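Just target-v3.tsv here, TSV, C-alpha atoms:
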chain	number	residue	atom	x	y	z
A	1	MET	CA	-205.62	55.66	-10.92
A	2	THR	CA	-206.61	59.30	-10.86
A	3	LEU	CA	-204.29	61.66	-9.02
A	4	ASP	CA	-205.20	65.04	-7.64
A	5	ARG	CA	-203.56	68.24	-8.85
A	6	ALA	CA	-201.06	68.30	-5.95
A	7	ALA	CA	-199.90	64.76	-6.73
A	8	VAL	CA	-199.47	65.57	-10.42
A	9	ASP	CA	-197.49	68.68	-9.50
A	10	ARG	CA	-195.26	66.57	-7.20
A	11	LEU	CA	-194.59	64.08	-9.98
A	12	ARG	CA	-193.84	66.82	-12.51
A	13	ALA	CA	-191.45	68.48	-10.04
A	14	ARG	CA	-189.74	65.12	-9.43
A	15	LEU	CA	-189.27	64.67	-13.19
A	16	GLN	CA	-187.91	68.20	-13.65
A	17	ALA	CA	-185.44	67.77	-10.77
A	18	TYR	CA	-184.27	64.41	-12.10
A	19	MET	CA	-183.80	65.77	-15.62
A	20	ALA	CA	-181.85	68.77	-14.29
A	21	LYS	CA	-179.63	66.48	-12.21
A	22	LYS	CA	-178.95	64.28	-15.26
A	23	GLY	CA	-178.47	67.27	-17.58
A	24	LEU	CA	-181.39	66.25	-19.82
A	25	ARG	CA	-183.23	68.76	-21.96
A	26	SER	CA	-186.99	69.19	-22.00
A	27	THR	CA	-187.72	68.90	-25.72
A	28	ALA	CA	-191.11	69.54	-27.31
A	29	GLN	CA	-191.44	65.84	-28.16
A	30	ARG	CA	-190.57	64.76	-24.62
A	31	ARG	CA	-193.07	67.26	-23.17
A	32	LEU	CA	-195.80	65.96	-25.49
A	33	ILE	CA	-195.10	62.36	-24.47
A	34	VAL	CA	-195.07	63.25	-20.76
A	35	ASP	CA	-198.27	65.31	-21.02
A	36	THR	CA	-200.01	62.53	-22.96
A	37	PHE	CA	-198.92	59.95	-20.37
A	38	PHE	CA	-200.21	62.10	-17.50
A	39	GLU	CA	-203.56	62.58	-19.26
A	40	GLY	CA	-203.87	58.98	-20.52
A	41	ALA	CA	-205.42	55.84	-19.19
A	42	SER	CA	-203.77	53.81	-16.48
A	43	HIS	CA	-201.72	50.73	-17.46
A	44	MET	CA	-200.61	52.07	-20.85
A	45	THR	CA	-198.23	50.05	-22.99
A	46	ILE	CA	-195.58	51.77	-25.07
A	47	GLU	CA	-197.75	51.06	-28.12
A	48	ASP	CA	-200.81	52.64	-26.45
A	49	LEU	CA	-198.86	55.78	-25.65
A	50	LEU	CA	-197.28	55.89	-29.11
A	51	THR	CA	-200.72	55.75	-30.73
A	52	GLU	CA	-201.99	58.63	-28.59
A	53	VAL	CA	-198.84	60.71	-29.11
A	54	ARG	CA	-198.86	60.16	-32.88
A	55	ALA	CA	-202.43	61.45	-33.03
A	56	ARG	CA	-200.90	64.82	-32.06
A	57	ASP	CA	-197.48	64.53	-33.76
A	58	LYS	CA	-196.94	61.88	-36.43
A	59	GLY	CA	-193.17	62.48	-36.36
A	60	ILE	CA	-192.57	60.95	-32.92
A	61	GLY	CA	-191.00	57.52	-33.11
A	62	TYR	CA	-191.21	54.40	-31.01
A	63	ALA	CA	-187.69	54.84	-29.62
A	64	THR	CA	-188.47	58.33	-28.33
A	65	VAL	CA	-191.60	57.11	-26.53
A	66	TYR	CA	-189.70	54.09	-25.17
A	67	ARG	CA	-186.84	56.21	-23.82
A	68	THR	CA	-189.24	58.73	-22.28
A	69	LEU	CA	-191.24	56.02	-20.48
A	70	LYS	CA	-188.02	54.49	-19.20
A	71	LEU	CA	-186.98	57.95	-17.94
A	72	LEU	CA	-190.33	58.33	-16.14
A	73	ALA	CA	-189.85	54.93	-14.50
A	74	GLU	CA	-186.21	55.67	-13.58
A	75	CYS	CA	-187.09	58.84	-11.71
A	76	GLY	CA	-190.12	57.33	-9.94
A	77	VAL	CA	-192.84	59.16	-11.87
A	78	ALA	CA	-194.13	55.98	-13.51
A	79	SER	CA	-194.27	52.39	-12.32
A	80	GLU	CA	-193.66	49.59	-14.77
A	81	ARG	CA	-196.02	46.64	-14.35
A	82	ARG	CA	-196.04	43.22	-15.99
A	83	PHE	CA	-199.26	41.24	-15.83
A	84	GLY	CA	-198.17	38.00	-17.49
A	85	ASP	CA	-199.14	38.92	-21.06
A	86	GLY	CA	-195.59	39.76	-22.16
A	87	LEU	CA	-196.24	43.51	-22.21
A	88	SER	CA	-194.83	46.20	-19.96
A	89	ARG	CA	-197.53	48.57	-18.77
A	90	TYR	CA	-196.98	51.89	-17.06
A	91	GLU	CA	-199.00	53.79	-14.51
A	92	LEU	CA	-198.43	56.99	-12.62
A	93	ALA	CA	-196.59	56.44	-9.35
A	94	ASP	CA	-197.30	58.55	-6.31
A	95	ASP	CA	-195.87	57.65	-2.94
A	96	ALA	CA	-198.51	59.73	-1.15
A	97	LYS	CA	-201.39	57.76	-2.68
A	98	ALA	CA	-202.71	54.66	-0.96
A	99	HIS	CA	-201.28	51.40	-2.27
A	100	HIS	CA	-203.51	49.55	-4.71
A	101	ASP	CA	-203.67	46.03	-6.08
A	102	HIS	CA	-204.89	44.57	-9.37
A	103	LEU	CA	-207.49	42.12	-10.72
A	104	ILE	CA	-206.49	40.95	-14.23
A	105	CYS	CA	-208.90	39.20	-16.59
A	106	ILE	CA	-207.09	36.41	-18.46
A	107	SER	CA	-209.73	36.44	-21.21
A	108	CYS	CA	-210.02	40.09	-22.26
A	109	GLY	CA	-207.09	41.69	-20.45
A	110	THR	CA	-209.16	44.10	-18.36
A	111	ILE	CA	-207.22	45.41	-15.37
A	112	VAL	CA	-209.13	46.61	-12.32
A	113	GLU	CA	-207.38	48.51	-9.54
A	114	PHE	CA	-208.67	48.08	-6.01
A	115	GLU	CA	-207.74	48.99	-2.46
A	116	GLU	CA	-208.55	46.68	0.41
A	117	PRO	CA	-207.31	47.70	3.85
A	118	ARG	CA	-207.92	44.20	5.25
A	119	ILE	CA	-205.41	42.73	2.78
A	120	GLU	CA	-202.84	45.38	3.70
A	121	THR	CA	-203.37	44.70	7.42
A	122	LEU	CA	-203.06	40.95	6.95
A	123	GLN	CA	-199.84	41.36	4.94
A	124	ASP	CA	-198.39	43.50	7.74
A	125	GLU	CA	-199.39	40.90	10.34
A	126	VAL	CA	-197.80	38.05	8.36
A	127	ALA	CA	-194.58	40.00	7.85
A	128	HIS	CA	-194.46	40.86	11.56
A	129	ARG	CA	-195.09	37.24	12.56
A	130	TYR	CA	-192.05	36.14	10.57
A	131	GLY	CA	-189.88	39.10	11.57
A	132	PHE	CA	-189.83	40.29	7.98
A	133	GLN	CA	-189.45	43.93	7.04
A	134	VAL	CA	-191.34	44.50	3.78
A	135	THR	CA	-189.88	47.13	1.47
A	136	SER	CA	-192.38	46.65	-1.34
A	137	HIS	CA	-194.93	44.20	-2.64
A	138	LYS	CA	-197.48	43.67	-5.36
A	139	HIS	CA	-200.73	41.79	-5.26
A	140	GLU	CA	-202.25	40.60	-8.52
A	141	MET	CA	-205.19	38.27	-8.89
A	142	TYR	CA	-205.83	36.59	-12.24
A	143	GLY	CA	-209.17	35.23	-13.32
A	144	THR	CA	-212.19	35.94	-15.50
A	145	CYS	CA	-214.12	39.20	-15.24
A	146	ALA	CA	-217.91	39.33	-14.95
A	147	ASP	CA	-218.38	40.34	-18.62
A	148	CYS	CA	-216.31	37.41	-19.90
A	149	GLN	CA	-218.11	35.00	-17.55
A	150	LYS	CA	-221.42	36.11	-19.08
A	151	LYS	CA	-220.12	35.37	-22.60
A	152	VAL	CA	-219.27	31.77	-21.63
A	153	SER	CA	-222.65	31.04	-20.02
Once more with this new file: its structure as structure tokens, please.
Amino acid sequence: MTLDRAAVDRLRARLQAYMAKKGLRSTAQRRLIVDTFFEGASHMTIEDLLTEVRARDKGIGYATVYRTLKLLAECGVASERRFGDGLSRYELADDAKAHHDHLICISCGTIVEFEEPRIETLQDEVAHRYGFQVTSHKHEMYGTCADCQKKVS
């Protein structure tokens, strides 16, 4: 998920406000982790982020990356996702961006984000039919991607 400059600025402002409210300092290590997360690929694991951060500063430990990602999730800057492989993955969260869903390959682990207005409309219709007020949802489809299907043939 690529966010525009305004969305990134909103998320950074949200983080700064949350840290100020909690009395947390903005250390050089924390800034490096946050910057690397913002610049990185979507659906990063803690290990993915640690590898990228350590390429810039070998002294940053797992616990520091873990705590920083948890902080980002706590304040609504990152969303934690679990796709059935036992790993927590994180992506940037932006309330202003259109909702997206995921296709997850059970062979290679590829994760594809997609938006489909017809699915969103149908979900709204079903909720309305049952008098249900939806506060959040996630839609994940598991299967085999085109590349892995070719390898089996």
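Put simply, atom CA of Val152 of chain A is 19.2 Å away from atom CA of Ile111 of chain A.
Residue nearest Leu103 of chain A within the list A:Arg81, A:Arg31, A:Arg25, A:His139: A:His139 [criterion: smallest interatomic distance, all atoms listed in the file].
From atom CA of Gly76 of chain A back to atom CA of Thr121 of chain A, the distance works out to 25.2 Å.
Checking A:Asp147, A:Glu115, A:Asp9, A:Glu47 one by one against Tyr90 of chain A, counting all atoms listed in the file, you find the shortest gap at A:Glu47.
A straight line drawn from atom CA of Leu69 of chain A to atom CA of Leu92 of chain A is 10.7 Å long.
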Selected residue of minimal separation from Ala146 of chain A among A:Ile106, A:Phe132, A:Thr64, A:Ala78, counting all atoms listed in the file: A:Ile106
Who sits within 7 Å of Val65 of chain A, only C-alpha atoms, same chain under 4 positions skipped, as number ranges by chain: A: 33, 46, 50, 61, 69
Near-Arg12 of chain A list (12 Å; all atoms listed in the file; drop same-chain fewer than 6 positions) as a ChimeraX atom specification: /A:5-6,18-19,26,31,34-35,37-38,72,75-78,92-94
Top pick for closest residue to Cys108 of chain A, considering A:Tyr130, A:Arg89, A:Arg82, A:Gly143 and counting all atoms listed in the file: A:Gly143
Top pick for closest residue to Arg67 of chain A, considering A:Thr110, A:Arg30, A:Cys148, A:Gly86 and counting all atoms listed in the file: A:Arg30
Tyr142 of chain A environment, 10 Å, only C-alpha atoms, sequence neighbours closer than 5 positions dropped, as a ChimeraX atom specification: /A:83-84,102-107,109,111
